[in-house]
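For reference, the structure is listed below as structure tokens.
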Amino acid sequence: MTAPLMLGTRASPLALAQAHATAAALEETHGWPAGTVSIFEVRTTGDKVQDRALAEIGGKALWTKELDIALLGGTTRLSVHSCKDVESERPSELVIAAFLPRADVRDRLIGSPSIEALSQGAKVGTSSPRRTAQLLRMRPDLQVSIMRGNVATRLNRIAEGAYDATFLAAAGLDRLGIDEGCAVETQDFLPAPGQAAIAIECRADDEETRALLAAIDHVPTHRAVLAERAFARAVGGSCHSPVAALAVVEGDERIWLRAELLSSDGTSHVAGEVRAEAGDEEAAGAALAEELLGRAGPDIRALFTGS
């Protein structure tokens, strides 16, 4: 590289940690000196508006819009995202070209040693429809209300007693070096599609950058997330829709995808799984989506198909 490679990222502490990890991976893999990858910080609309649920103000695109403008306009050559915050339908001019190795996919419960230990009627803060529905499915007595903000803000709200508990992604806490909370196993809380994966995006026609990113792409993570995002894309819905999916690469290299759809209050639930050979990840995700929508009750179908 004869000039710095400009990387776009949100300006939150977690986003910057992920951006620095990406920069370091590129520099180490390509033998570049430190600083070859420069970091361009963007404060997105999602960062600025903290008092309402994302679905009320434009959905997941609020995390990506400003980064997309910088990328498409040539200010940056790649963007780094928390994959679970990237909408399943992306502009055709952009491509997710690489993923770093996936971290812990689980959620952590902050404020209580377990979901069962929460007191009757405890107040739990989260802005995630998935976490809300999964929690109410287990504990319909709990009070769930919106809590947004970065990791530090949410931890402070618990410490101050504004809420009894909240959930944070284990991967984000680990990347920030924060050892708090109790991990909730995936059989109880299946994660969001793409959770714990760092997605690296560039312009689809930028062959040079795509080749540079291919060198750091973690193929098992890429395959797993392809299946999860295909599932999310096929079920449709919006940020109002509680959807969960997790794929892993098994020992024989097949993908094992588990997924679930829930009603907003958790009273209805449909789940399933599928296995797929290499190259069939997206087809498997779409097929599982069709199966679950076919088995779902009317309250779930209304969230995802409007019928």
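Residue numbering restarts at 1 for every chain of the structure tokens, chains are lettered A, B, ... in their displayed order, and ligands are numbered from 1 as they appear.
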Within 12 Å of Leu135 (chain A), counting only C-alpha atoms, which residues show up once you throw out same-chain ones fewer than 2 positions away? Write them as a short mmCIF file (atom, residue, chain, number, x, y, z; two decimals) with N, CA and C atoms, in the first residue's frame, please.
```
data_model
loop_
_atom_site.label_atom_id
_atom_site.label_comp_id
_atom_site.auth_asym_id
_atom_site.auth_seq_id
_atom_site.Cartn_x
_atom_site.Cartn_y
_atom_site.Cartn_z
N ASP A 107 -25.86 -14.12 24.76
CA ASP A 107 -26.20 -12.92 25.51
C ASP A 107 -25.74 -13.10 26.94
N LEU A 109 -26.80 -11.80 30.84
CA LEU A 109 -27.77 -11.13 31.70
C LEU A 109 -26.99 -10.31 32.74
N SER A 114 -29.35 -15.19 37.10
CA SER A 114 -30.07 -16.01 36.12
C SER A 114 -31.43 -15.37 35.86
N ILE A 115 -32.06 -15.79 34.78
CA ILE A 115 -33.41 -15.30 34.49
C ILE A 115 -34.38 -15.78 35.56
N GLU A 116 -34.20 -17.01 36.01
CA GLU A 116 -35.08 -17.58 37.04
C GLU A 116 -34.98 -16.80 38.35
N LEU A 118 -34.62 -13.61 38.79
CA LEU A 118 -35.24 -12.29 38.77
C LEU A 118 -36.51 -12.31 39.63
N ALA A 122 -39.97 -8.00 38.04
CA ALA A 122 -38.75 -7.19 37.90
C ALA A 122 -38.77 -6.40 36.60
N LYS A 123 -38.10 -5.24 36.63
CA LYS A 123 -38.04 -4.36 35.46
C LYS A 123 -36.77 -4.65 34.67
N VAL A 124 -36.93 -5.07 33.43
CA VAL A 124 -35.81 -5.41 32.56
C VAL A 124 -35.78 -4.43 31.40
N GLY A 125 -34.61 -3.87 31.14
CA GLY A 125 -34.46 -2.91 30.06
C GLY A 125 -33.81 -3.52 28.84
N THR A 126 -34.43 -3.37 27.69
CA THR A 126 -33.86 -3.79 26.41
C THR A 126 -34.63 -3.13 25.28
N SER A 128 -34.41 -4.64 22.24
CA SER A 128 -34.45 -5.73 21.27
C SER A 128 -35.78 -6.46 21.29
N PRO A 129 -36.54 -6.47 20.19
CA PRO A 129 -37.77 -7.27 20.14
C PRO A 129 -37.50 -8.75 20.36
N ARG A 130 -36.36 -9.24 19.87
CA ARG A 130 -36.03 -10.66 20.07
C ARG A 130 -35.88 -10.97 21.55
N ARG A 131 -35.02 -10.20 22.24
CA ARG A 131 -34.79 -10.46 23.66
C ARG A 131 -36.08 -10.28 24.46
N THR A 132 -36.89 -9.28 24.11
CA THR A 132 -38.15 -9.06 24.80
C THR A 132 -39.06 -10.28 24.68
N ALA A 133 -39.24 -10.78 23.47
CA ALA A 133 -40.12 -11.92 23.25
C ALA A 133 -39.59 -13.18 23.91
N ARG A 137 -41.47 -15.05 26.99
CA ARG A 137 -41.85 -16.45 26.80
C ARG A 137 -41.48 -17.27 28.03
N MET A 138 -40.33 -16.95 28.64
CA MET A 138 -39.88 -17.65 29.84
C MET A 138 -40.50 -17.09 31.12
N ARG A 139 -40.65 -15.75 31.16
CA ARG A 139 -41.11 -15.07 32.38
C ARG A 139 -42.12 -13.99 32.02
N PRO A 140 -43.39 -14.37 31.77
CA PRO A 140 -44.39 -13.38 31.37
C PRO A 140 -44.71 -12.36 32.46
N ASP A 141 -44.25 -12.60 33.69
CA ASP A 141 -44.53 -11.66 34.78
C ASP A 141 -43.63 -10.43 34.75
N LEU A 142 -42.55 -10.49 34.01
CA LEU A 142 -41.57 -9.41 34.04
C LEU A 142 -42.06 -8.16 33.30
N GLN A 143 -41.57 -7.00 33.73
CA GLN A 143 -41.84 -5.74 33.04
C GLN A 143 -40.65 -5.42 32.14
N VAL A 144 -40.91 -5.32 30.84
CA VAL A 144 -39.84 -5.03 29.89
C VAL A 144 -40.07 -3.66 29.29
N SER A 145 -39.04 -2.81 29.36
CA SER A 145 -39.17 -1.48 28.78
C SER A 145 -37.89 -1.13 28.03
N ALA A 165 -32.44 -5.38 35.55
CA ALA A 165 -31.56 -6.21 34.72
C ALA A 165 -31.62 -5.75 33.27
N THR A 166 -30.64 -6.18 32.52
CA THR A 166 -30.64 -5.98 31.08
C THR A 166 -29.82 -7.09 30.44
N PHE A 167 -29.79 -7.10 29.12
CA PHE A 167 -28.98 -8.07 28.37
C PHE A 167 -27.98 -7.32 27.51
N VAL A 184 -26.22 -16.49 29.07
CA VAL A 184 -27.47 -17.23 28.88
C VAL A 184 -27.23 -18.18 27.70
N ASP A 188 -31.70 -21.51 25.48
CA ASP A 188 -32.73 -20.65 26.08
C ASP A 188 -32.91 -19.35 25.31
N PHE A 189 -31.80 -18.77 24.86
CA PHE A 189 -31.83 -17.51 24.12
C PHE A 189 -31.01 -17.68 22.85
N LEU A 190 -31.66 -18.08 21.78
CA LEU A 190 -30.98 -18.15 20.49
C LEU A 190 -30.64 -16.71 20.08
N PRO A 242 -39.47 -10.23 16.14
CA PRO A 242 -38.56 -11.04 16.95
C PRO A 242 -38.08 -12.27 16.16
N LEU A 262 -40.95 -15.51 16.88
CA LEU A 262 -41.81 -15.36 18.05
C LEU A 262 -42.80 -14.23 17.83
N SER A 263 -43.91 -14.30 18.56
CA SER A 263 -44.79 -13.14 18.63
C SER A 263 -44.16 -12.11 19.55
N SER A 264 -44.61 -10.89 19.48
CA SER A 264 -43.98 -9.81 20.24
C SER A 264 -44.01 -10.05 21.73
N ASP A 265 -45.07 -10.69 22.22
CA ASP A 265 -45.19 -10.93 23.66
C ASP A 265 -44.68 -12.31 24.07
N GLY A 266 -44.13 -13.06 23.12
CA GLY A 266 -43.56 -14.36 23.44
C GLY A 266 -44.55 -15.48 23.63
N THR A 267 -45.83 -15.22 23.48
CA THR A 267 -46.82 -16.27 23.73
C THR A 267 -46.87 -17.29 22.60
#
```
(Q) Which of region 93-230 of chain A end up as strand (DSSP E) when DSSP is run on this backbone - answer as JSON, numbers by chain? (A) {"A": [94, 95, 96, 97, 98, 99, 107, 108, 109, 110, 123, 124, 125, 143, 144, 145, 165, 166, 167, 168, 169, 182, 183, 184, 198, 199, 200, 201, 202, 203]}
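Taking CA of Thr36 (chain A) as the reference point, CA of His20 (chain A) is found at 11.7 Å.
For Pro13 (chain A), the non-local neighbours within 10 Å, defined as residues at least 2 positions apart in the same chain or in other chains and counting only C-alpha atoms, are Arg10, Ala11, Ala15, Leu16, Ala17, Gln18, Ala19, Asn150, Val151, Ala152, Gly172, Arg175 and Leu176 of chain A.
Of the residues listed (A:Glu250, A:Glu208, A:Thr186, A:Ser79), A:Thr186 shows the shortest atom-to-atom separation from Gln134 (chain A); distances use only C-alpha atoms.
Remark: for Met6 (chain A), the closest of the candidate residues A:Thr22, A:Thr75, A:Thr209, A:Thr153 is A:Thr75 (distances computed over only C-alpha atoms).
Checking A:Glu66, A:Glu27, A:Glu281, A:Glu93 one by one against Cys202 (chain A), counting only C-alpha atoms, you find the shortest gap at A:Glu93.
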Ala170 (chain A) environment, 10 Å, only C-alpha atoms, sequence neighbours closer than 3 positions dropped, as a compact mmCIF listing (two decimals) with N, CA and C atoms, in the first residue's frame:
```
# COMPACT_ATOMS: atom_id res chain seq x y z
N ALA A 103 -16.88 -14.37 17.75
CA ALA A 103 -16.66 -14.47 19.19
C ALA A 103 -17.84 -15.20 19.84
N ASP A 104 -17.96 -15.09 21.14
CA ASP A 104 -19.02 -15.73 21.92
C ASP A 104 -20.38 -15.23 21.44
N VAL A 105 -21.23 -16.12 20.98
CA VAL A 105 -22.51 -15.72 20.40
C VAL A 105 -23.59 -15.47 21.43
N ARG A 106 -23.33 -15.78 22.69
CA ARG A 106 -24.38 -15.72 23.71
C ARG A 106 -24.69 -14.30 24.17
N ASP A 107 -25.86 -14.12 24.76
CA ASP A 107 -26.20 -12.92 25.51
C ASP A 107 -25.74 -13.10 26.94
N ARG A 108 -25.46 -11.98 27.61
CA ARG A 108 -25.21 -12.03 29.05
C ARG A 108 -26.29 -11.23 29.76
N LEU A 109 -26.80 -11.80 30.84
CA LEU A 109 -27.77 -11.13 31.70
C LEU A 109 -26.99 -10.31 32.74
N PHE A 167 -29.79 -7.10 29.12
CA PHE A 167 -28.98 -8.07 28.37
C PHE A 167 -27.98 -7.32 27.51
N LEU A 173 -18.99 -7.30 25.27
CA LEU A 173 -18.37 -7.14 26.57
C LEU A 173 -16.93 -7.65 26.55
N ASP A 174 -16.73 -8.80 25.93
CA ASP A 174 -15.38 -9.37 25.86
C ASP A 174 -14.43 -8.45 25.09
N ARG A 175 -14.92 -7.88 23.98
CA ARG A 175 -14.06 -7.00 23.17
C ARG A 175 -13.68 -5.73 23.92
N ILE A 178 -14.70 -6.26 29.51
CA ILE A 178 -15.63 -6.14 30.64
C ILE A 178 -16.12 -7.52 31.04
N ASP A 179 -15.80 -7.93 32.26
CA ASP A 179 -16.18 -9.25 32.75
C ASP A 179 -17.37 -9.10 33.70
N GLU A 180 -18.53 -8.90 33.12
CA GLU A 180 -19.74 -8.74 33.92
C GLU A 180 -20.86 -9.58 33.32
N GLY A 181 -21.80 -9.96 34.19
CA GLY A 181 -22.99 -10.65 33.73
C GLY A 181 -22.86 -12.15 33.70
N CYS A 182 -23.99 -12.78 33.50
CA CYS A 182 -24.09 -14.24 33.46
C CYS A 182 -24.53 -14.65 32.06
N ALA A 183 -23.76 -15.51 31.43
CA ALA A 183 -24.09 -15.95 30.06
C ALA A 183 -25.37 -16.76 30.05
N VAL A 184 -26.22 -16.49 29.07
CA VAL A 184 -27.47 -17.23 28.88
C VAL A 184 -27.23 -18.18 27.70
N GLN A 195 -25.04 -12.23 15.21
CA GLN A 195 -24.50 -11.78 16.49
C GLN A 195 -23.08 -12.29 16.70
N ALA A 196 -22.21 -11.43 17.25
CA ALA A 196 -20.82 -11.73 17.59
C ALA A 196 -19.90 -11.78 16.38
```
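Among A:Ala271, A:Ile110, A:Ala214, A:Leu62, the residue with the shortest atom-to-atom distance to Arg157 (chain A), counting only C-alpha atoms, is A:Ile110.
Considering the residues A:Glu207, A:Pro113, A:Gly236, A:Ala215 and counting only C-alpha atoms, Ala25 (chain A) has its shortest atom-to-atom contact with A:Ala215.
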Q: Fewer than 3 positions away in the same chain doesn't count, so skip those; otherwise give me all residues within 8 Å of Arg254 (chain A), counting only C-alpha atoms, as a PyMOL selection string.
A: chain A and resi 249-251+275-278
Q: Write out as a ChimeraX atom specification the residues lying within 10 Å of region 258-261 of chain A, counting only C-alpha atoms and excluding same-chain residues fewer than 3 positions away.
A: /A:130,133-134,187,190-193,227-228,231-232,235,241-248,255,264,266,268-275,285,288-289,292-293,296,300-301,303-304
Q: Using only C-alpha atoms, find the one residue out of A:Gly279, A:Gly149, A:Gly111, A:Pro101 that sits nearest to His218 (chain A).
A: A:Pro101
Would you kindly return, as a CSV table (one decimal) with C-alpha atoms, in the first residue's frame, each protein, DNA or RNA residue with an atom no farther than 7 Å from any atom of Glu201 (chain A), considering only C-alpha atoms and excluding same-chain residues fewer than 5 positions away?
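Saved the output as selection11.csv:
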```
chain,number,residue,atom,x,y,z
A,78,LEU,CA,-14.2,-0.2,3.8
A,79,SER,CA,-16.7,-0.2,6.7
A,80,VAL,CA,-16.6,-2.3,9.8
A,94,LEU,CA,-21.9,-2.8,-1.5
A,95,VAL,CA,-20.7,-6.2,-0.5
A,96,ILE,CA,-19.8,-7.8,2.8
A,97,ALA,CA,-16.4,-9.1,1.7
```
